[in-house]
$ cat protein-v9.pdb   # PDB, C-alpha atoms
MODEL        1
ATOM      1  CA  MET A   1      19.753  59.291-137.710
ATOM      2  CA  GLU A   2      21.656  56.058-137.264
ATOM      3  CA  GLU A   3      25.356  56.023-138.354
ATOM      4  CA  LYS A   4      26.218  53.437-141.013
ATOM      5  CA  THR A   5      29.159  51.065-140.866
ATOM      6  CA  LEU A   6      32.005  51.125-143.387
ATOM      7  CA  LYS A   7      30.626  47.988-145.010
ATOM      8  CA  GLU A   8      27.143  49.500-145.374
ATOM      9  CA  LEU A   9      28.595  52.694-146.888
ATOM     10  CA  LYS A  10      30.603  50.659-149.391
ATOM     11  CA  GLU A  11      27.426  48.792-150.411
ATOM     12  CA  GLU A  12      25.649  52.119-150.923
ATOM     13  CA  LEU A  13      28.573  53.318-153.061
ATOM     14  CA  LYS A  14      28.328  50.143-155.171
ATOM     15  CA  GLY A  15      24.649  50.914-155.643
ATOM     16  CA  LEU A  16      25.614  54.305-157.092
ATOM     17  CA  GLY A  17      27.714  52.562-159.748
ATOM     18  CA  PHE A  18      31.161  52.802-158.138
ATOM     19  CA  THR A  19      32.783  49.395-158.623
ATOM     20  CA  ASN A  20      36.206  49.654-156.940
ATOM     21  CA  VAL A  21      35.137  50.275-153.345
ATOM     22  CA  ASP A  22      38.061  48.345-151.858
ATOM     23  CA  ILE A  23      40.373  51.336-152.328
ATOM     24  CA  PHE A  24      38.640  53.132-149.450
ATOM     25  CA  THR A  25      39.804  52.499-145.891
ATOM     26  CA  THR A  26      37.764  54.993-143.853
ATOM     27  CA  LYS A  27      34.116  55.923-143.569
ATOM     28  CA  THR A  28      34.967  59.568-144.318
ATOM     29  CA  GLN A  29      36.443  58.663-147.709
ATOM     30  CA  VAL A  30      33.416  56.595-148.658
ATOM     31  CA  GLN A  31      30.904  59.188-147.397
ATOM     32  CA  THR A  32      32.659  61.990-149.294
ATOM     33  CA  THR A  33      32.554  59.954-152.505
ATOM     34  CA  ILE A  34      28.865  59.142-151.999
ATOM     35  CA  ASP A  35      28.078  62.828-151.420
ATOM     36  CA  ALA A  36      30.001  63.822-154.540
ATOM     37  CA  LEU A  37      28.219  61.243-156.695
ATOM     38  CA  LYS A  38      24.806  62.224-155.352
ATOM     39  CA  SER A  39      25.455  65.941-155.930
ATOM     40  CA  LYS A  40      26.227  65.451-159.640
ATOM     41  CA  PRO A  41      23.409  64.875-162.102
ATOM     42  CA  LYS A  42      23.729  61.527-163.896
ATOM     43  CA  GLU A  43      24.315  63.055-167.342
ATOM     44  CA  THR A  44      27.498  64.906-166.252
ATOM     45  CA  VAL A  45      29.348  61.772-165.185
ATOM     46  CA  THR A  46      31.691  60.925-168.040
ATOM     47  CA  THR A  47      33.696  57.868-168.853
ATOM     48  CA  ILE A  48      37.493  57.819-168.707
ATOM     49  CA  ASN A  49      37.700  56.025-172.070
ATOM     50  CA  PRO A  50      35.258  57.756-174.437
ATOM     51  CA  SER A  51      34.062  55.758-177.408
ATOM     52  CA  ILE A  52      35.959  56.404-180.630
ATOM     53  CA  ASN A  53      34.099  57.203-183.792
ATOM     54  CA  PRO A  54      35.766  55.219-186.624
ATOM     55  CA  LYS A  55      34.890  57.886-189.211
ATOM     56  CA  GLU A  56      36.499  60.600-187.080
ATOM     57  CA  GLU A  57      39.575  58.429-186.466
ATOM     58  CA  LYS A  58      39.955  57.849-190.225
ATOM     59  CA  LYS A  59      39.629  61.602-190.841
ATOM     60  CA  ILE A  60      42.383  62.315-188.291
ATOM     61  CA  GLU A  61      44.606  59.670-189.911
ATOM     62  CA  LYS A  62      43.949  61.197-193.345
ATOM     63  CA  ASN A  63      44.878  64.675-192.041
ATOM     64  CA  TRP A  64      48.082  63.230-190.613
ATOM     65  CA  GLU A  65      48.946  61.688-193.980
ATOM     66  CA  ASN A  66      48.215  64.999-195.688
ATOM     67  CA  LYS A  67      50.550  66.804-193.307
ATOM     68  CA  ALA A  68      53.396  64.367-193.993
ATOM     69  CA  GLU A  69      52.772  64.590-197.742
ATOM     70  CA  GLN A  70      52.789  68.393-197.588
ATOM     71  CA  MET A  71      56.139  68.254-195.774
ATOM     72  CA  ARG A  72      57.559  65.874-198.405
ATOM     73  CA  ILE A  73      56.557  68.277-201.169
ATOM     74  CA  LYS A  74      57.987  71.240-199.251
ATOM     75  CA  LEU A  75      61.309  69.438-198.702
ATOM     76  CA  GLU A  76      61.525  68.462-202.382
ATOM     77  CA  GLY A  77      61.232  72.136-203.337
ATOM     78  CA  GLN A  78      63.966  73.348-200.985
ATOM     79  CA  PRO A  79      67.563  73.984-202.109
ATOM     80  CA  LYS A  80      69.908  71.093-201.344
ATOM     81  CA  VAL A  81      72.858  71.349-198.932
ATOM     82  CA  ARG A  82      75.830  68.978-198.841
ATOM     83  CA  ILE A  83      76.424  67.492-195.360
ATOM     84  CA  LEU A  84      78.280  64.671-193.644
ATOM     85  CA  VAL A  85      76.837  62.874-190.632
ATOM     86  CA  PRO A  86      79.786  61.179-188.884
ATOM     87  CA  LEU A  87      79.810  57.506-187.957
ATOM     88  CA  GLU A  88      79.757  56.608-184.256
ATOM     89  CA  GLY A  89      81.643  53.677-182.748
ATOM     90  CA  LYS A  90      81.457  50.543-184.879
ATOM     91  CA  GLU A  91      78.808  51.854-187.288
ATOM     92  CA  THR A  92      79.275  51.212-190.997
ATOM     93  CA  GLN A  93      78.627  53.618-193.841
ATOM     94  CA  GLY A  94      74.919  53.938-194.568
ATOM     95  CA  VAL A  95      73.295  53.088-197.860
ATOM     96  CA  VAL A  96      69.939  54.606-198.828
ATOM     97  CA  ARG A  97      68.432  54.079-202.291
ATOM     98  CA  LEU A  98      65.497  55.635-204.077
ATOM     99  CA  VAL A  99      62.926  53.015-205.080
ATOM    100  CA  TYR A 100      59.687  53.462-206.995
ATOM    101  CA  ASN A 101      56.552  52.946-204.882
ATOM    102  CA  GLU A 102      53.820  51.541-207.152
ATOM    103  CA  LYS A 103      51.036  52.402-204.717
ATOM    104  CA  LYS A 104      52.013  56.069-204.320
ATOM    105  CA  LYS A 105      53.412  56.383-207.868
ATOM    106  CA  ARG A 106      56.630  58.135-206.771
ATOM    107  CA  GLN A 107      60.232  57.571-205.687
ATOM    108  CA  GLU A 108      60.803  56.896-201.960
ATOM    109  CA  GLN A 109      63.875  56.375-199.819
ATOM    110  CA  LYS A 110      64.688  52.840-198.697
ATOM    111  CA  HIS A 111      67.306  51.937-196.106
ATOM    112  CA  ILE A 112      69.537  49.236-197.583
ATOM    113  CA  SER A 113      72.348  48.826-195.019
ATOM    114  CA  GLY A 114      74.622  50.594-192.550
ATOM    115  CA  ALA A 115      73.910  53.492-190.239
ATOM    116  CA  VAL A 116      71.424  56.239-191.071
ATOM    117  CA  GLN A 117      70.256  59.395-189.299
ATOM    118  CA  PRO A 118      66.456  59.589-189.565
ATOM    119  CA  VAL A 119      64.917  63.076-189.485
ATOM    120  CA  THR A 120      61.139  63.246-189.033
ATOM    121  CA  LEU A 121      59.312  66.477-189.829
ATOM    122  CA  ASN A 122      55.498  66.601-189.548
ATOM    123  CA  GLY A 123      55.277  62.839-189.940
ATOM    124  CA  PHE A 124      57.548  62.609-192.988
ATOM    125  CA  MET A 125      60.789  60.701-192.380
ATOM    126  CA  TYR A 126      63.905  61.597-194.332
ATOM    127  CA  LEU A 127      66.818  59.142-194.120
ATOM    128  CA  VAL A 128      70.362  60.554-194.162
ATOM    129  CA  PRO A 129      73.126  57.940-194.590
ATOM    130  CA  LYS A 130      76.017  58.298-192.150
ATOM    131  CA  GLY A 131      79.687  58.324-193.098
ATOM    132  CA  MET A 132      79.398  59.943-196.530
ATOM    133  CA  TYR A 133      78.650  63.349-198.036
ATOM    134  CA  VAL A 134      75.064  63.616-199.248
ATOM    135  CA  GLU A 135      72.818  66.407-200.465
ATOM    136  CA  VAL A 136      69.748  67.003-198.307
ATOM    137  CA  PRO A 137      67.060  69.714-198.146
ATOM    138  CA  GLU A 138      68.053  72.800-196.110
ATOM    139  CA  GLN A 139      65.493  72.103-193.377
ATOM    140  CA  VAL A 140      66.810  68.556-192.836
ATOM    141  CA  ALA A 141      70.379  69.893-192.649
ATOM    142  CA  GLN A 142      69.233  72.492-190.094
ATOM    143  CA  VAL A 143      67.668  69.806-187.867
ATOM    144  CA  ILE A 144      70.877  67.750-187.956
ATOM    145  CA  GLN A 145      72.987  70.870-187.295
ATOM    146  CA  ASP A 146      70.827  71.767-184.273
ATOM    147  CA  LYS A 147      71.195  68.209-182.945
ATOM    148  CA  PHE A 148      74.994  68.331-183.095
ATOM    149  CA  ASN A 149      75.169  71.884-181.706
ATOM    150  CA  GLN A 150      72.992  70.877-178.766
ATOM    151  CA  THR A 151      75.217  67.862-178.088
ATOM    152  CA  ASN A 152      78.334  70.072-178.192
ATOM    153  CA  GLU A 153      76.825  72.635-175.801
ATOM    154  CA  ALA A 154      75.549  70.060-173.289
ATOM    155  CA  GLY A 155      77.420  70.265-170.004
ATOM    156  CA  LYS A 156      79.592  73.286-170.880
ATOM    157  CA  ASP A 157      78.101  75.275-168.005
ATOM    158  CA  ILE A 158      79.421  72.756-165.445
ATOM    159  CA  LEU A 159      82.974  72.276-166.755
ATOM    160  CA  ILE A 160      85.770  73.047-164.302
ATOM    161  CA  ASP A 161      87.713  75.084-166.870
ATOM    162  CA  ARG A 162      84.789  77.379-167.790
ATOM    163  CA  ILE A 163      84.998  81.130-167.253
ATOM    164  CA  ASP A 164      82.878  82.440-164.378
ATOM    165  CA  PRO A 165      80.694  85.250-165.817
ATOM    166  CA  GLU A 166      80.733  87.195-162.509
ATOM    167  CA  THR A 167      84.493  87.250-161.964
ATOM    168  CA  GLY A 168      85.773  86.724-165.515
ATOM    169  CA  ARG A 169      88.269  84.150-164.221
ATOM    170  CA  SER A 170      88.497  80.387-164.676
ATOM    171  CA  VAL A 171      86.503  78.393-162.125
ATOM    172  CA  ALA A 172      89.510  76.084-161.650
ATOM    173  CA  ASP A 173      91.635  79.077-160.539
ATOM    174  CA  GLN A 174      89.044  80.025-157.931
ATOM    175  CA  LEU A 175      89.044  76.602-156.310
TER
ENDMDL
END
$ encode --input "protein-v9.pdb" --output "structure tokens"
Amino acid sequence: MEEKTLKELKEELKGLGFTNVDIFTTKTQVQTTIDALKSKPKETVTTINPSINPKEEKKIEKNWENKAEQMRIKLEGQPKVRILVPLEGKETQGVVRLVYNEKKKRQEQKHISGAVQPVTLNGFMYLVPKGMYVEVPEQVAQVIQDKFNQTNEAGKDILIDRIDPETGRSVADQL
């Protein structure tokens, strides 16, 4: 059997439906790809970008809306907690108003001005104005509390004045 050149192998690969043959630099790469394509039945080769069914996409979008709406209803039923989200730097006090949405036939939050802390749960966004005490659902307050606790804890394990758990003494004293 006569050995084919790199150019001939690339032409054969194009014939098998592989369009980007310029990425190959050796005959071994091209031959391996040809062998792999020939070993697979045609029906098992799939596309990278499968076609999207518009009906299925709409159903997914509807489920997403339902999830956000369910979260809104759940948050409305929770007890309210009074919190204060502090301003940072040159931020100004946030203003959020409830406005009536004609389409959805209910009150919704609208950001008017200043700084706000958005909290998104299952696709539903709750706006918390910064710089003033406000009452929010317990779950929203918990998310904000976790955010601030995580910020406070960040980097504590690398501070020079931390206590070494093995010796019980300050790391600075050991240096």
$ residues_around --input "protein-v9.pdb" --residues "range 119-129 of chain A" --least-positions-apart "4" --cutoff "9 Å" --atoms "only C-alpha atoms" --output "PyMOL selection string"
chain A and resi 64-65+67-72+84-85+93-96+109-111+114-115+133-136+140+143-144
$ atom_distance --input "protein-v9.pdb" --atom1 "CA of Ile112 in chain A" --atom2 "CA of Gln150 in chain A"
28.9 Å
$ atom_distance --input "protein-v9.pdb" --atom1 "CA of Gly17 in chain A" --atom2 "CA of Asn53 in chain A"
25.3 Å
$ residues_around --input "protein-v9.pdb" --residues "range 159-162 of chain A" --least-positions-apart "6" --cutoff "12 Å" --atoms "only C-alpha atoms" --output "PyMOL selection string"
chain A and resi 153+168-175
$ closest_residue --input "protein-v9.pdb" --among "A:Asp157, A:Glu138, A:Glu57, A:Asp35" --to "Ile83 in chain A" --atoms "all atoms listed in the file"
A:Glu138
$ resolve_selection --input "protein-v9.pdb" --expression "the PyMOL selection byres ((chain A and resi 22-33) around 8)" --output "mmCIF file with C-alpha atoms, in the frame of the given file"
data_model
loop_
_atom_site.group_PDB
_atom_site.id
_atom_site.type_symbol
_atom_site.label_atom_id
_atom_site.label_comp_id
_atom_site.auth_asym_id
_atom_site.auth_seq_id
_atom_site.Cartn_x
_atom_site.Cartn_y
_atom_site.Cartn_z
ATOM 1 C CA THR A 5 29.159 51.065 -140.866
ATOM 2 C CA LEU A 6 32.005 51.125 -143.387
ATOM 3 C CA LEU A 9 28.595 52.694 -146.888
ATOM 4 C CA LYS A 10 30.603 50.659 -149.391
ATOM 5 C CA LEU A 13 28.573 53.318 -153.061
ATOM 6 C CA ASN A 20 36.206 49.654 -156.940
ATOM 7 C CA VAL A 21 35.137 50.275 -153.345
ATOM 8 C CA ILE A 34 28.865 59.142 -151.999
ATOM 9 C CA ASP A 35 28.078 62.828 -151.420
ATOM 10 C CA ALA A 36 30.001 63.822 -154.540
ATOM 11 C CA LEU A 37 28.219 61.243 -156.695
#
